[in-house]
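Colleague: One structure, pasted below without further comment.
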2 protein chains.
Amino acid sequence: MKKTLKARIIETALVLFEKNGYHGVTVDQIVLESGTSKGGFYHNFKSKDELLYHIHDVFISYVLEKAREAYDDFETPVTRLCAIIQSFTKVFDLYKPHITVFYQESMYLTGEFNQRINEKRDDYRKLLTQVIREGQAQGEFRAEVPAEISTMAIIGMVNWTYKWFNKDGPLTIESIARIFNDLLLHSLLTEQAMSQKDVQLFLIKGQPIEK
Amino acid sequence: MKKTLKARIIETALVLFEKNGYHGVTVDQIVLESGTSKGGFYHNFKSKDELLYHIHDVFISYVLEKAREAYDDFETPVTRLCAIIQSFTKVFDLYKPHITVFYQESMYLTGEFNQRINEKRDDYRKLLTQVIREGQAQGEFRAEVPAEISTMAIIGMVNWTYKWFNKDGPLTIESIARIFNDLLLHSLLTEQAMSQKDVQLFLIKGQPIEK
DNA sequence: CTTTTCAAACGGACTAGTCGGTCTGTTTTA
DNA sequence: TAAAACAGACCGACTAGTCCGTTTGAAAAG
């Protein structure tokens with residue numbers, strides 16, 4: 001199937017937005033670089049805003065779905081957490097420009113668009129908090145740390161990756177995901193949970209990071 | 001001493017930028033809300049860019065200085081790390097609008113301005129990496145975790161606070177700083193270092209978070 | 001102490017350029 | 001052959017920055 005103009009516009013806009021920011025890119029630039037015209041653009045999007053919304057939605061819908069899958073595919077809090085972190089981190093290979101736009105430009109989403117994105121963002125956060133709460137209730141996660149703060153600490157650590165991750169850098173995204181899991185398990189788990197066998201699989205010790 | 005117009009402009013701009021983004025605020029708005037005029041504005045700043053630079057510089061210079069003080073005031077990697085985290089986190093009470101602008105709008109800094117800010121940002125990152133490296137060399141920090149990734153994980157976790165911290169929320173910034181330190185020490189330290197007495201002071205266990 | 005002076009600080013109308021969006025005409029496709 | 005897809009000239013609104021006039025305040029002169 002041939003690549004549609006709409007897809008081409010989104011791709012071009014993504015690269016430009018990532019580099020120059022939403023307000024640093026004009027519709028004329030997008031039109032020029034994707035080899036179309038104002039007519040072509042406004043036939044596919046009713047405004048520049050809608051294009052921004054579309055980019056947001058593709059990304060947040062994808063990661064939210066992946067997180068729910070991870071939750072459903074596993075049964076213990078530890079494995080669920082690790083699966084969610086892994087699925088999220090891996091998205092950087094695929095959607096880094098989306099993510100950059102998502103965290104840099106979301107404030108410029110207006111009205112309806114803004115609302116819809118915020119709902120999904122909240123759903124994601126709540127799911128993560130739930131996993132941590134369940135882990136605390138079962139005694140796997142340390143109870144002295146507030147679940148909401150842990151949640152935001154995790155989200156912060158992982159999300160920040162968009163500021164520095166480089167595909168051609170020394171580490172693959174899979175290695176980074178493993179390191180994140182290792183750090184998180186050490187910080188969140190109780191001592192007895194740390195010594196369990198199925199947890200060991202997620203730690204670095206003994207299986208050093210190669211690339 | 002009476003508050004200068006320049007200070008009033010910066011204060012007003014900060015609040016507006018935080019809420020609406022750099023491009024969501026016009027010079028006319030800033031001028032109106034700070035009770036001055038175009039003449040007054042352009043007498044104090046040679047461009048809107050320079051105002052943005054100024055906001056960036058005030059913040060990054062302050063935290064960089066605080067981090068260096070923290071490094072000099074302490075002697076072991078653990079205490080240095082905790083002091084740096086604490087000093088940074090506490091800045092949110094004072095400079096939250098600056099920080100928001102710093103991480104949302106830095107891409108719109110141009111040329112010379114951009115370069116000067118980036119240098120200080122790098123200095124900060126390097127200082128943190130150095131502390132971790134020294135900790136690893138002395139056996140306090142786990143060596144199997146790459147120091148650069150730990151650095152970015154810490155920066156991410158702490159910086160992300162600007163997205164969710166609320167002065168009127170359930171936790172003070174000091175409590176959040178303590179939680180961050182607890183999480184980080186658990187994730188970075190070796191088992192034997194964790195059991196040392198001076199480390200215990202930074203942990204939550206036994207001294208529950210109150211507010 | 002009063003007056004003069006002059007530069008810095010500030011007010012505000014105006015402008016030149018930019019950019020999102022429209023409109024009409026043409027081509028492609030089913 | 002009609003409707004969908006696209007081209008591109010055009011427009012109106014908006015905004016960073018300018019320009020010139022006015023005020024202020026402090027130092028110098030009388």
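Naming scheme: A, B, ... for chains in displayed order of the structure tokens; residues 1 onward per chain; ligands 1 onward as shown.
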Could I get the residues of chain A with an atom no further than 7 Å from an atom of chain D, each paired with its nearest atom pair and that distance in Å to one decimal, using only C-alpha atoms (C1' of nucleotides), sorted by chain and residue number, as CSV?
Modeller:
residue,atom,partner,partner_atom,distance
A:Ser37,CA,D:DA7,C1',6.2
A:Gly39,CA,D:DC6,C1',5.9
A:Gly40,CA,D:DC6,C1',5.1
Colleague: Considering only C-alpha atoms (C1' of nucleotides), extract the chain C residues located within 10 Å of chain B and return them as number ranges by chain.
Modeller: C: 8-12
Colleague: Based on only C-alpha atoms, which of the residues in chain B come within 6 Å of chain A? I want them as a VMD selection string.
Modeller: chain B and resid 104 153 156 to 157 160 183 186 to 187
Colleague: Considering only C-alpha atoms, state which residue in the set A:Gln192, A:Gln136, A:Ser87, A:Gln130 is at the smallest distance from Thr151 (chain A).
Modeller: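 Nearest candidate to Thr151 (chain A) out of A:Gln192, A:Gln136, A:Ser87, A:Gln130: A:Gln130.
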Colleague: From a DSSP pass on the backbone, collect the residues of region 1-177 of chain A flagged as helix (DSSP H, G or I) and hand them back as JSON, numbers by chain.
Modeller: {"A": [5, 6, 7, 8, 9, 10, 11, 12, 13, 14, 15, 16, 17, 18, 19, 20, 22, 23, 24, 27, 28, 29, 30, 31, 32, 33, 38, 39, 40, 41, 42, 43, 44, 48, 49, 50, 51, 52, 53, 54, 55, 56, 57, 58, 59, 60, 61, 62, 63, 64, 65, 66, 67, 68, 69, 70, 71, 72, 73, 77, 78, 79, 80, 81, 82, 83, 84, 85, 86, 87, 88, 89, 90, 91, 92, 93, 94, 95, 96, 97, 98, 99, 100, 101, 102, 103, 104, 105, 106, 107, 108, 111, 112, 113, 114, 115, 116, 117, 118, 119, 120, 121, 122, 123, 124, 125, 126, 127, 128, 129, 130, 131, 132, 133, 134, 135, 136, 137, 147, 148, 149, 150, 151, 152, 153, 154, 155, 156, 157, 158, 159, 161, 162, 163, 164, 173, 174, 175, 176, 177]}
Colleague: Mind checking which residues fall within 12 Å of region 110-124 of chain B, counting only C-alpha atoms (C1' of nucleotides), ignoring those fewer than 5 positions away in the same chain, and posting them as a count of residues only?
Modeller: 38
Colleague: Of the candidates A:Glu148, A:Glu210, A:Glu191, A:Glu140, which shows the shortest atom-to-atom distance to Pro170 (chain A), using only C-alpha atoms?
Modeller: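 Ranking A:Glu148, A:Glu210, A:Glu191, A:Glu140 by distance to Pro170 (chain A), first place goes to A:Glu210.
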Colleague: Tell me, in Å to one decimal, how far CA of Ser34 (chain A) is from CA of Ile10 (chain A).
Modeller: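 Calculated distance between CA of Ser34 (chain A) and CA of Ile10 (chain A) is 8.9 Å.
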